[in-house]
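Source file: start-v4.pdb; contents: PDB, C-alpha atoms and all ligand atoms.
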ATOM      1  CA  MET A   1       0.000   0.000   0.000
ATOM      2  CA  ILE A   2       2.803   2.414   0.979
ATOM      3  CA  GLU A   3       6.398   1.924  -0.030
ATOM      4  CA  LEU A   4       9.478   4.085   0.423
ATOM      5  CA  ALA A   5      12.508   2.937  -1.536
ATOM      6  CA  ASP A   6      15.830   4.478  -0.560
ATOM      7  CA  VAL A   7      14.359   7.906   0.128
ATOM      8  CA  THR A   8      16.727  10.763   0.914
ATOM      9  CA  LYS A   9      15.616  14.292   1.759
ATOM     10  CA  ARG A  10      18.091  17.079   2.414
ATOM     11  CA  HIS A  11      17.474  20.491   3.899
ATOM     12  CA  GLY A  12      20.427  22.701   3.096
ATOM     13  CA  ALA A  13      23.428  21.021   4.668
ATOM     14  CA  GLY A  14      21.306  18.705   6.830
ATOM     15  CA  THR A  15      19.814  15.356   5.866
ATOM     16  CA  ALA A  16      16.314  14.751   7.241
ATOM     17  CA  LEU A  17      15.961  11.318   5.606
ATOM     18  CA  ASP A  18      18.979   9.288   4.654
ATOM     19  CA  GLY A  19      18.187   6.310   2.446
ATOM     20  CA  VAL A  20      14.940   5.275   4.129
ATOM     21  CA  SER A  21      13.183   2.151   2.883
ATOM     22  CA  LEU A  22      10.007   0.814   4.415
ATOM     23  CA  THR A  23       6.648  -0.600   3.467
ATOM     24  CA  ALA A  24       3.232  -0.620   5.079
ATOM     25  CA  ALA A  25       0.922  -3.320   3.773
ATOM     26  CA  ALA A  26      -2.812  -2.752   3.400
ATOM     27  CA  GLY A  27      -4.452  -2.868   6.814
ATOM     28  CA  GLU A  28      -1.211  -2.530   8.699
ATOM     29  CA  PHE A  29      -0.674  -0.190  11.639
ATOM     30  CA  VAL A  30       2.891   1.103  11.741
ATOM     31  CA  ALA A  31       4.244   3.265  14.549
ATOM     32  CA  LEU A  32       7.126   5.586  13.790
ATOM     33  CA  VAL A  33       9.296   6.495  16.753
ATOM     34  CA  GLY A  34      12.583   8.283  17.193
ATOM     35  CA  PRO A  35      14.179  11.326  18.779
ATOM     36  CA  SER A  36      13.192  14.886  17.931
ATOM     37  CA  GLY A  37      14.633  15.857  14.566
ATOM     38  CA  SER A  38      15.095  12.270  13.390
ATOM     39  CA  GLY A  39      12.929  12.822  10.295
ATOM     40  CA  LYS A  40       9.536  11.439  11.330
ATOM     41  CA  THR A  41       7.438  14.348  10.085
ATOM     42  CA  THR A  42       9.494  14.559   6.905
ATOM     43  CA  LEU A  43       8.857  10.864   6.280
ATOM     44  CA  LEU A  44       5.076  11.324   6.573
ATOM     45  CA  LYS A  45       5.208  14.375   4.323
ATOM     46  CA  SER A  46       7.135  12.470   1.658
ATOM     47  CA  ILE A  47       4.108  10.159   1.361
ATOM     48  CA  ASN A  48       1.483  12.858   0.721
ATOM     49  CA  ARG A  49       3.921  15.026  -1.241
ATOM     50  CA  LEU A  50       4.146  17.843   1.261
ATOM     51  CA  ALA A  51       7.877  17.128   0.972
ATOM     52  CA  ALA A  52       9.656  16.086  -2.213
ATOM     53  CA  PRO A  53      12.523  13.617  -1.717
ATOM     54  CA  ASP A  54      15.861  14.390  -3.364
ATOM     55  CA  GLU A  55      16.424  10.724  -4.063
ATOM     56  CA  GLY A  56      14.429   7.534  -3.968
ATOM     57  CA  ILE A  57      10.838   6.666  -4.770
ATOM     58  CA  VAL A  58       7.627   6.773  -2.759
ATOM     59  CA  ARG A  59       4.823   4.555  -3.992
ATOM     60  CA  VAL A  60       1.206   4.379  -2.914
ATOM     61  CA  ASP A  61      -0.739   1.412  -4.253
ATOM     62  CA  GLY A  62       2.222   0.629  -6.449
ATOM     63  CA  ARG A  63       2.211   4.039  -8.143
ATOM     64  CA  ASP A  64       5.019   6.563  -7.889
ATOM     65  CA  VAL A  65       3.391   9.455  -6.012
ATOM     66  CA  ARG A  66       5.028  11.925  -8.405
ATOM     67  CA  ASP A  67       2.918  10.441 -11.197
ATOM     68  CA  MET A  68      -0.340  10.944  -9.304
ATOM     69  CA  PRO A  69      -2.372  14.164  -9.351
ATOM     70  CA  VAL A  70      -1.738  15.633  -5.926
ATOM     71  CA  THR A  71      -5.445  16.152  -5.172
ATOM     72  CA  GLU A  72      -6.230  12.515  -5.938
ATOM     73  CA  LEU A  73      -3.281  11.357  -3.832
ATOM     74  CA  ARG A  74      -4.239  13.510  -0.843
ATOM     75  CA  ARG A  75      -7.932  12.603  -1.018
ATOM     76  CA  GLY A  76      -6.914   9.030  -0.334
ATOM     77  CA  ILE A  77      -4.660   9.960   2.573
ATOM     78  CA  GLY A  78      -5.904  11.446   5.838
ATOM     79  CA  TYR A  79      -3.290  13.552   7.582
ATOM     80  CA  VAL A  80      -3.392  14.450  11.255
ATOM     81  CA  ILE A  81      -0.804  17.182  11.613
ATOM     82  CA  GLN A  82       1.564  17.580  14.537
ATOM     83  CA  GLY A  83      -0.028  19.878  17.136
ATOM     84  CA  ILE A  84      -3.780  20.200  17.106
ATOM     85  CA  GLY A  85      -3.995  22.365  13.992
ATOM     86  CA  LEU A  86      -7.703  23.194  14.052
ATOM     87  CA  PHE A  87      -8.592  26.551  12.521
ATOM     88  CA  PRO A  88      -9.688  28.633  15.537
ATOM     89  CA  HIS A  89     -12.140  30.835  13.617
ATOM     90  CA  MET A  90     -14.062  27.865  12.191
ATOM     91  CA  THR A  91     -16.608  25.669  13.944
ATOM     92  CA  VAL A  92     -15.926  21.988  14.494
ATOM     93  CA  ALA A  93     -18.143  21.150  11.501
ATOM     94  CA  GLU A  94     -16.313  23.636   9.257
ATOM     95  CA  ASN A  95     -12.965  22.238  10.336
ATOM     96  CA  ILE A  96     -14.094  18.691   9.581
ATOM     97  CA  TRP A  97     -15.537  19.739   6.238
ATOM     98  CA  ILE A  98     -12.394  21.457   4.869
ATOM     99  CA  VAL A  99     -11.188  18.654   2.616
ATOM    100  CA  PRO A 100     -14.619  17.591   1.266
ATOM    101  CA  ARG A 101     -15.386  21.265   0.584
ATOM    102  CA  LEU A 102     -12.141  21.699  -1.350
ATOM    103  CA  ALA A 103     -12.971  18.509  -3.217
ATOM    104  CA  GLY A 104     -16.314  20.013  -4.246
ATOM    105  CA  THR A 105     -18.560  17.742  -2.171
ATOM    106  CA  PRO A 106     -22.065  19.344  -2.117
ATOM    107  CA  ALA A 107     -22.777  21.304   1.069
ATOM    108  CA  THR A 108     -26.064  19.404   1.416
ATOM    109  CA  GLU A 109     -24.050  16.370   2.472
ATOM    110  CA  ARG A 110     -22.227  18.239   5.168
ATOM    111  CA  GLU A 111     -24.523  17.892   8.135
ATOM    112  CA  GLY A 112     -25.049  14.154   7.785
ATOM    113  CA  ARG A 113     -21.428  13.393   7.056
ATOM    114  CA  VAL A 114     -20.124  15.535   9.933
ATOM    115  CA  ALA A 115     -22.557  13.769  12.275
ATOM    116  CA  GLU A 116     -21.269  10.393  11.078
ATOM    117  CA  LEU A 117     -17.661  11.456  11.580
ATOM    118  CA  LEU A 118     -18.369  12.769  15.080
ATOM    119  CA  ASP A 119     -19.974   9.398  15.856
ATOM    120  CA  LEU A 120     -16.867   7.635  14.557
ATOM    121  CA  VAL A 121     -14.556   9.509  16.897
ATOM    122  CA  ALA A 122     -17.037   9.243  19.776
ATOM    123  CA  LEU A 123     -17.902  12.920  20.110
ATOM    124  CA  PRO A 124     -21.475  14.161  20.653
ATOM    125  CA  ARG A 125     -23.097  15.438  17.437
ATOM    126  CA  GLU A 126     -23.856  18.748  19.164
ATOM    127  CA  PHE A 127     -20.141  19.481  18.981
ATOM    128  CA  ALA A 128     -20.557  20.372  15.289
ATOM    129  CA  GLY A 129     -21.398  23.974  16.157
ATOM    130  CA  ARG A 130     -18.721  24.476  18.819
ATOM    131  CA  MET A 131     -15.574  26.520  18.350
ATOM    132  CA  PRO A 132     -12.186  24.802  18.861
ATOM    133  CA  SER A 133     -11.346  27.066  21.818
ATOM    134  CA  SER A 134     -14.266  25.529  23.746
ATOM    135  CA  LEU A 135     -12.907  21.975  23.440
ATOM    136  CA  SER A 136     -10.643  20.063  25.781
ATOM    137  CA  GLY A 137      -7.306  18.888  24.383
ATOM    138  CA  GLY A 138      -8.578  15.350  23.898
ATOM    139  CA  GLN A 139     -11.770  16.508  22.213
ATOM    140  CA  ALA A 140      -9.781  18.722  19.841
ATOM    141  CA  GLN A 141      -7.532  15.772  18.961
ATOM    142  CA  ARG A 142     -10.622  13.715  18.151
ATOM    143  CA  VAL A 143     -11.828  16.484  15.840
ATOM    144  CA  GLY A 144      -8.402  16.384  14.161
ATOM    145  CA  VAL A 145      -8.870  12.665  13.519
ATOM    146  CA  ALA A 146     -12.441  13.236  12.233
ATOM    147  CA  ARG A 147     -11.140  15.918   9.867
ATOM    148  CA  ALA A 148      -8.493  13.562   8.517
ATOM    149  CA  LEU A 149     -11.161  10.880   7.957
ATOM    150  CA  ALA A 150     -13.620  13.243   6.270
ATOM    151  CA  ALA A 151     -12.761  12.399   2.673
ATOM    152  CA  GLY A 152     -12.964   8.671   3.359
ATOM    153  CA  PRO A 153      -9.238   7.918   3.013
ATOM    154  CA  ARG A 154      -7.817   4.412   3.066
ATOM    155  CA  ILE A 155      -4.513   5.619   4.473
ATOM    156  CA  MET A 156      -4.001   7.659   7.626
ATOM    157  CA  LEU A 157      -0.782   9.495   8.424
ATOM    158  CA  MET A 158      -0.821  10.719  11.996
ATOM    159  CA  ASP A 159       1.858  12.957  13.456
ATOM    160  CA  GLU A 160       1.710  12.613  17.241
ATOM    161  CA  PRO A 161      -2.073  12.639  17.166
ATOM    162  CA  PHE A 162      -2.372  12.098  20.905
ATOM    163  CA  GLY A 163       0.525  14.270  22.033
ATOM    164  CA  ALA A 164       0.180  16.659  24.974
ATOM    165  CA  LEU A 165      -2.648  14.734  26.633
ATOM    166  CA  ASP A 166      -2.931  13.217  30.056
ATOM    167  CA  PRO A 167      -2.024   9.509  30.089
ATOM    168  CA  VAL A 168      -5.597   8.298  30.658
ATOM    169  CA  THR A 169      -7.053  10.267  27.740
ATOM    170  CA  ARG A 170      -4.088   9.300  25.615
ATOM    171  CA  ASP A 171      -4.597   5.630  26.288
ATOM    172  CA  GLU A 172      -8.329   5.895  25.642
ATOM    173  CA  LEU A 173      -7.846   7.774  22.360
ATOM    174  CA  GLY A 174      -5.119   5.396  21.236
ATOM    175  CA  ARG A 175      -7.283   2.356  21.821
ATOM    176  CA  SER A 176     -10.344   3.897  20.218
ATOM    177  CA  TYR A 177      -8.285   4.895  17.173
ATOM    178  CA  ARG A 178      -6.904   1.355  16.888
ATOM    179  CA  ALA A 179     -10.495   0.037  16.881
ATOM    180  CA  LEU A 180     -11.374   2.557  14.161
ATOM    181  CA  HIS A 181      -8.336   1.530  12.130
ATOM    182  CA  ASP A 182      -9.506  -2.080  12.285
ATOM    183  CA  SER A 183     -13.172  -1.443  11.577
ATOM    184  CA  LEU A 184     -12.496   0.892   8.624
ATOM    185  CA  ALA A 185      -9.684  -1.364   7.361
ATOM    186  CA  LEU A 186      -7.302   1.587   7.219
ATOM    187  CA  THR A 187      -3.562   1.548   6.685
ATOM    188  CA  SER A 188      -2.071   3.785   9.366
ATOM    189  CA  ILE A 189       1.340   5.261  10.057
ATOM    190  CA  MET A 190       1.456   7.002  13.406
ATOM    191  CA  VAL A 191       4.322   9.050  14.779
ATOM    192  CA  THR A 192       4.641   8.918  18.534
ATOM    193  CA  HIS A 193       7.226   9.832  21.138
ATOM    194  CA  ASP A 194       5.718   7.306  23.478
ATOM    195  CA  MET A 195       7.331   3.895  23.083
ATOM    196  CA  ALA A 196       4.802   2.207  25.371
ATOM    197  CA  GLU A 197       1.986   3.542  23.186
ATOM    198  CA  ALA A 198       3.753   2.288  20.055
ATOM    199  CA  LEU A 199       4.328  -1.167  21.556
ATOM    200  CA  LEU A 200       0.706  -1.489  22.646
ATOM    201  CA  ILE A 201      -1.043  -0.120  19.544
ATOM    202  CA  ALA A 202       1.015  -0.933  16.461
ATOM    203  CA  ASP A 203       1.568  -4.058  14.379
ATOM    204  CA  ARG A 204       5.069  -2.889  13.573
ATOM    205  CA  ILE A 205       7.411  -0.270  14.920
ATOM    206  CA  VAL A 206       9.916   1.631  12.839
ATOM    207  CA  VAL A 207      12.667   3.355  14.798
ATOM    208  CA  LEU A 208      14.156   6.311  12.983
ATOM    209  CA  ILE A 209      17.469   7.738  14.199
ATOM    210  CA  ASP A 210      19.285  10.530  12.355
ATOM    211  CA  GLY A 211      17.126   9.998   9.289
ATOM    212  CA  ARG A 212      17.865   6.275   9.080
ATOM    213  CA  VAL A 213      15.750   3.239   9.867
ATOM    214  CA  ARG A 214      17.429   1.709  12.885
ATOM    215  CA  ALA A 215      14.833  -1.003  13.495
ATOM    216  CA  ASP A 216      11.645  -2.188  11.821
ATOM    217  CA  LEU A 217      10.056  -4.928  13.926
ATOM    218  CA  PRO A 218       6.825  -6.160  15.488
ATOM    219  CA  PRO A 219       6.452  -5.088  19.144
ATOM    220  CA  ALA A 220       7.540  -8.366  20.754
ATOM    221  CA  GLU A 221      10.694  -8.550  18.627
ATOM    222  CA  LEU A 222      11.520  -4.917  19.256
ATOM    223  CA  LEU A 223      11.360  -5.603  22.994
ATOM    224  CA  SER A 224      14.022  -8.281  22.647
ATOM    225  CA  SER A 225      16.265  -6.316  20.249
ATOM    226  CA  GLN A 226      19.957  -6.324  21.179
ATOM    227  CA  ASP A 227      20.653  -3.041  19.401
ATOM    228  CA  PRO A 228      21.851  -0.672  22.182
ATOM    229  CA  GLU A 229      19.983   2.354  20.791
ATOM    230  CA  VAL A 230      16.769   0.380  20.446
ATOM    231  CA  ARG A 231      17.252  -1.123  23.912
ATOM    232  CA  ALA A 232      17.622   2.355  25.363
ATOM    233  CA  LEU A 233      14.213   3.244  23.916
ATOM    234  CA  VAL A 234      12.352   0.120  25.032
ATOM    235  CA  ASP A 235      14.005  -0.203  28.436
ATOM    236  CA  VAL A 236      11.991   2.659  29.909
ATOM    237  CA  PRO A 237       8.521   1.139  29.369
ATOM    238  CA  ARG A 238       9.870  -2.329  30.139
ATOM    239  CA  ARG A 239      11.301  -1.295  33.520
ATOM    240  CA  GLN A 240       8.151   0.643  34.347
ATOM    241  CA  ALA A 241       6.026  -2.403  33.531
ATOM    242  CA  GLU A 242       8.252  -4.612  35.685
ATOM    243  CA  ARG A 243       8.166  -2.223  38.628
ATOM    244  CA  LEU A 244       4.381  -1.822  38.390
ATOM    245  CA  HIS A 245       3.970  -5.569  38.206
ATOM    246  CA  ALA A 246       6.158  -6.032  41.288
ATOM    247  CA  LEU A 247       4.193  -3.336  43.101
ATOM    248  CA  ALA A 248       0.884  -4.967  42.282
ATOM    249  CA  GLU A 249       2.202  -8.318  43.490
ATOM    250  CA  GLY A 250       3.304  -6.668  46.755
ATOM    251  CA  ARG A 251       6.966  -7.497  46.190
TER     252      ARG A 251
HETATM  253  N1  LIG A 301      11.432  22.848   5.833
HETATM  254  C1  LIG A 301      12.592  22.592   6.425
HETATM  255  N2  LIG A 301      13.686  23.338   6.212
HETATM  256  C2  LIG A 301      14.858  23.066   6.795
HETATM  257  N3  LIG A 301      15.059  22.031   7.622
HETATM  258  C3  LIG A 301      14.014  21.247   7.885
HETATM  259  C4  LIG A 301      12.727  21.459   7.306
HETATM  260  N4  LIG A 301      11.879  20.495   7.748
HETATM  261  C5  LIG A 301      12.609  19.725   8.561
HETATM  262  N5  LIG A 301      13.896  20.165   8.646
HETATM  263  C6  LIG A 301      14.961  19.523   9.428
HETATM  264  O1  LIG A 301      14.976  18.159   9.122
HETATM  265  C7  LIG A 301      15.197  17.372  10.300
HETATM  266  C8  LIG A 301      14.063  16.391  10.499
HETATM  267  O2  LIG A 301      12.882  17.133  10.810
HETATM  268  P1  LIG A 301      11.502  16.448  11.145
HETATM  269  O3  LIG A 301      10.512  17.539  11.327
HETATM  270  O4  LIG A 301      11.208  15.439  10.105
HETATM  271  O5  LIG A 301      11.834  15.730  12.532
HETATM  272  P2  LIG A 301      10.882  14.952  13.541
HETATM  273  O6  LIG A 301      11.454  13.604  13.733
HETATM  274  O7  LIG A 301       9.479  15.054  13.075
HETATM  275  O8  LIG A 301      11.062  15.784  14.897
HETATM  276  P3  LIG A 301      10.017  16.089  16.093
HETATM  277  O9  LIG A 301       9.913  14.829  16.894
HETATM  278  O10 LIG A 301      10.684  17.188  16.870
HETATM  279  O11 LIG A 301       8.734  16.511  15.479
HETATM  280  C9  LIG A 301      15.375  18.363  11.425
HETATM  281  O12 LIG A 301      16.744  18.568  11.629
HETATM  282  C10 LIG A 301      14.705  19.617  10.917
HETATM  283  O13 LIG A 301      15.285  20.770  11.480
HETATM  284 MG    MG A 302       7.793  15.995  13.818
END

In structure tokens, what does this structure look like?
Amino acid sequence: MIELADVTKRHGAGTALDGVSLTAAAGEFVALVGPSGSGKTTLLKSINRLAAPDEGIVRVDGRDVRDMPVTELRRGIGYVIQGIGLFPHMTVAENIWIVPRLAGTPATEREGRVAELLDLVALPREFAGRMPSSLSGGQAQRVGVARALAAGPRIMLMDEPFGALDPVTRDELGRSYRALHDSLALTSIMVTHDMAEALLIADRIVVLIDGRVRADLPPAELLSSQDPEVRALVDVPRRQAERLHALAEGR
């Protein structure tokens, strides 16, 4: 469904992506983790052509994305941008309707479709008329997901969609998004800083360090990786889980 073949992206003297190859099969849920500045956002943007690689090829459904009309490409790809990114002067419904409106979907479909999308992300339908400033962080993130789903994409690219939330809300949103991914048969790539979240939600985890793929493994295999840099990332949630387990057992 999504394939990057030896993709390099430079910014001036720096290299954001350095020969990245990866694939996400239809229906797969891939988490992308790595330190700040490691190229995660750039990788997502190379898929929907918000960034143009200097070398390498990005394919969606077997087609080189450069050969696809950009509107067609982006209609098939929902994008949840880093940070909440709702337009503050637009209602929730207007925010959700941005892409369908640009695509020329008749306004008569708006109310019904927005209601459906609010249902999907488990927000009350009355939220359609609210302004973003009146939403909690978690509610705003849900609207961001609804907006990305509005054009009925088969692929979702999510850049820290549940960042800056309390752990309970984060866990709840993560699990409800995973259920949505499964029920809509989406292909999802989700950037997260939270290794525990990645291990618990994704089918596969790609670790990006300095613009290179350092590991690309299912959660259980990532946990047993011997790579020191990967170990450093997974040791934190592993030790926390062990300590919590010991605590619960009264040891
Ligand atoms: N438009 C740009 N112009 C110049 N440099 C850029 C541009 N976009 C990204 N970079 C650089 O490319 C590198 C990778 O950036 P990117 O945003 O992909 O990182 P990231 O992994 O998403 O980081 P974070 O976790 O902080 O969001 C960084 O060094 C960044 O400064
Ligand atoms: Mg980023």

Subject >> Selection as a PyMOL selection string: residues within 10 Å of ligand MG 302 (chain A) by all atoms listed in the file >> reply: chain A and resi 34-45+81-83+159-160+191-193

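Among the candidate residues A:Arg63, A:His245, A:Arg212, A:Arg175, the one lying nearest to ligand LIG 301 (chain A) is A:Arg212, with distances computed using all atoms listed in the file.
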
**OP:** Please write as a ChimeraX atom specification the full residue list that the PyMOL selection byres (((chain A and resi 1-10) around 10) and not hetatm) yields on this file.
**Re:** /A:11-28,39,42-43,46-47,51-65,154-155,187-189,211-212

**OP:** To verify the selection step, state as JSON, numbers by chain which residues the PyMOL selection byres (((chain A and resi 202) around 8) and not hetatm) yields on this input.
**Re:** {"A": [29, 30, 31, 198, 199, 200, 201, 203, 204, 205, 218, 219]}

Selected residues written out, C-alpha atoms, as a PDB file, in the frame of the given file:
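Okay, selection-v2.pdb is ready:
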ATOM      1  CA  PHE A  29      -0.674  -0.190  11.639  1.00  0.00           C
ATOM      2  CA  VAL A  30       2.891   1.103  11.741  1.00  0.00           C
ATOM      3  CA  ALA A  31       4.244   3.265  14.549  1.00  0.00           C
ATOM      4  CA  ALA A 198       3.753   2.288  20.055  1.00  0.00           C
ATOM      5  CA  LEU A 199       4.328  -1.167  21.556  1.00  0.00           C
ATOM      6  CA  LEU A 200       0.706  -1.489  22.646  1.00  0.00           C
ATOM      7  CA  ILE A 201      -1.043  -0.120  19.544  1.00  0.00           C
ATOM      8  CA  ASP A 203       1.568  -4.058  14.379  1.00  0.00           C
ATOM      9  CA  ARG A 204       5.069  -2.889  13.573  1.00  0.00           C
ATOM     10  CA  ILE A 205       7.411  -0.270  14.920  1.00  0.00           C
ATOM     11  CA  PRO A 218       6.825  -6.160  15.488  1.00  0.00           C
ATOM     12  CA  PRO A 219       6.452  -5.088  19.144  1.00  0.00           C
TER      13      PRO A 219
END

Original post:
In Å to one decimal, how far is atom CA of Leu118 of chain A from atom CA of Gln139 of chain A?
Top reply: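 According to the coordinates, atom CA of Gln139 of chain A and atom CA of Leu118 of chain A are separated by 10.4 Å.
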
**OP:** Starting from the displayed file, determine the output of the PyMOL selection byres (((chain A and resi 98-101) around 12) and not hetatm) and express the residue list as a PyMOL selection string.
**Re:** chain A and resi 71-72+74-79+86-87+90-97+102-110+113-114+144+146-153

Would you mind exporting C-alpha atoms of the selected residues as a JSON list (two decimals), keeping the file's coordinate frame?
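This went into part23.json:
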[["chain", "number", "residue", "atom", "x", "y", "z"],
["A", 71, "THR", "CA", -5.44, 16.15, -5.17],
["A", 72, "GLU", "CA", -6.23, 12.52, -5.94],
["A", 74, "ARG", "CA", -4.24, 13.51, -0.84],
["A", 75, "ARG", "CA", -7.93, 12.60, -1.02],
["A", 76, "GLY", "CA", -6.91, 9.03, -0.33],
["A", 77, "ILE", "CA", -4.66, 9.96, 2.57],
["A", 78, "GLY", "CA", -5.90, 11.45, 5.84],
["A", 79, "TYR", "CA", -3.29, 13.55, 7.58],
["A", 86, "LEU", "CA", -7.70, 23.19, 14.05],
["A", 87, "PHE", "CA", -8.59, 26.55, 12.52],
["A", 90, "MET", "CA", -14.06, 27.86, 12.19],
["A", 91, "THR", "CA", -16.61, 25.67, 13.94],
["A", 92, "VAL", "CA", -15.93, 21.99, 14.49],
["A", 93, "ALA", "CA", -18.14, 21.15, 11.50],
["A", 94, "GLU", "CA", -16.31, 23.64, 9.26],
["A", 95, "ASN", "CA", -12.96, 22.24, 10.34],
["A", 96, "ILE", "CA", -14.09, 18.69, 9.58],
["A", 97, "TRP", "CA", -15.54, 19.74, 6.24],
["A", 102, "LEU", "CA", -12.14, 21.70, -1.35],
["A", 103, "ALA", "CA", -12.97, 18.51, -3.22],
["A", 104, "GLY", "CA", -16.31, 20.01, -4.25],
["A", 105, "THR", "CA", -18.56, 17.74, -2.17],
["A", 106, "PRO", "CA", -22.06, 19.34, -2.12],
["A", 107, "ALA", "CA", -22.78, 21.30, 1.07],
["A", 108, "THR", "CA", -26.06, 19.40, 1.42],
["A", 109, "GLU", "CA", -24.05, 16.37, 2.47],
["A", 110, "ARG", "CA", -22.23, 18.24, 5.17],
["A", 113, "ARG", "CA", -21.43, 13.39, 7.06],
["A", 114, "VAL", "CA", -20.12, 15.54, 9.93],
["A", 144, "GLY", "CA", -8.40, 16.38, 14.16],
["A", 146, "ALA", "CA", -12.44, 13.24, 12.23],
["A", 147, "ARG", "CA", -11.14, 15.92, 9.87],
["A", 148, "ALA", "CA", -8.49, 13.56, 8.52],
["A", 149, "LEU", "CA", -11.16, 10.88, 7.96],
["A", 150, "ALA", "CA", -13.62, 13.24, 6.27],
["A", 151, "ALA", "CA", -12.76, 12.40, 2.67],
["A", 152, "GLY", "CA", -12.96, 8.67, 3.36],
["A", 153, "PRO", "CA", -9.24, 7.92, 3.01]]
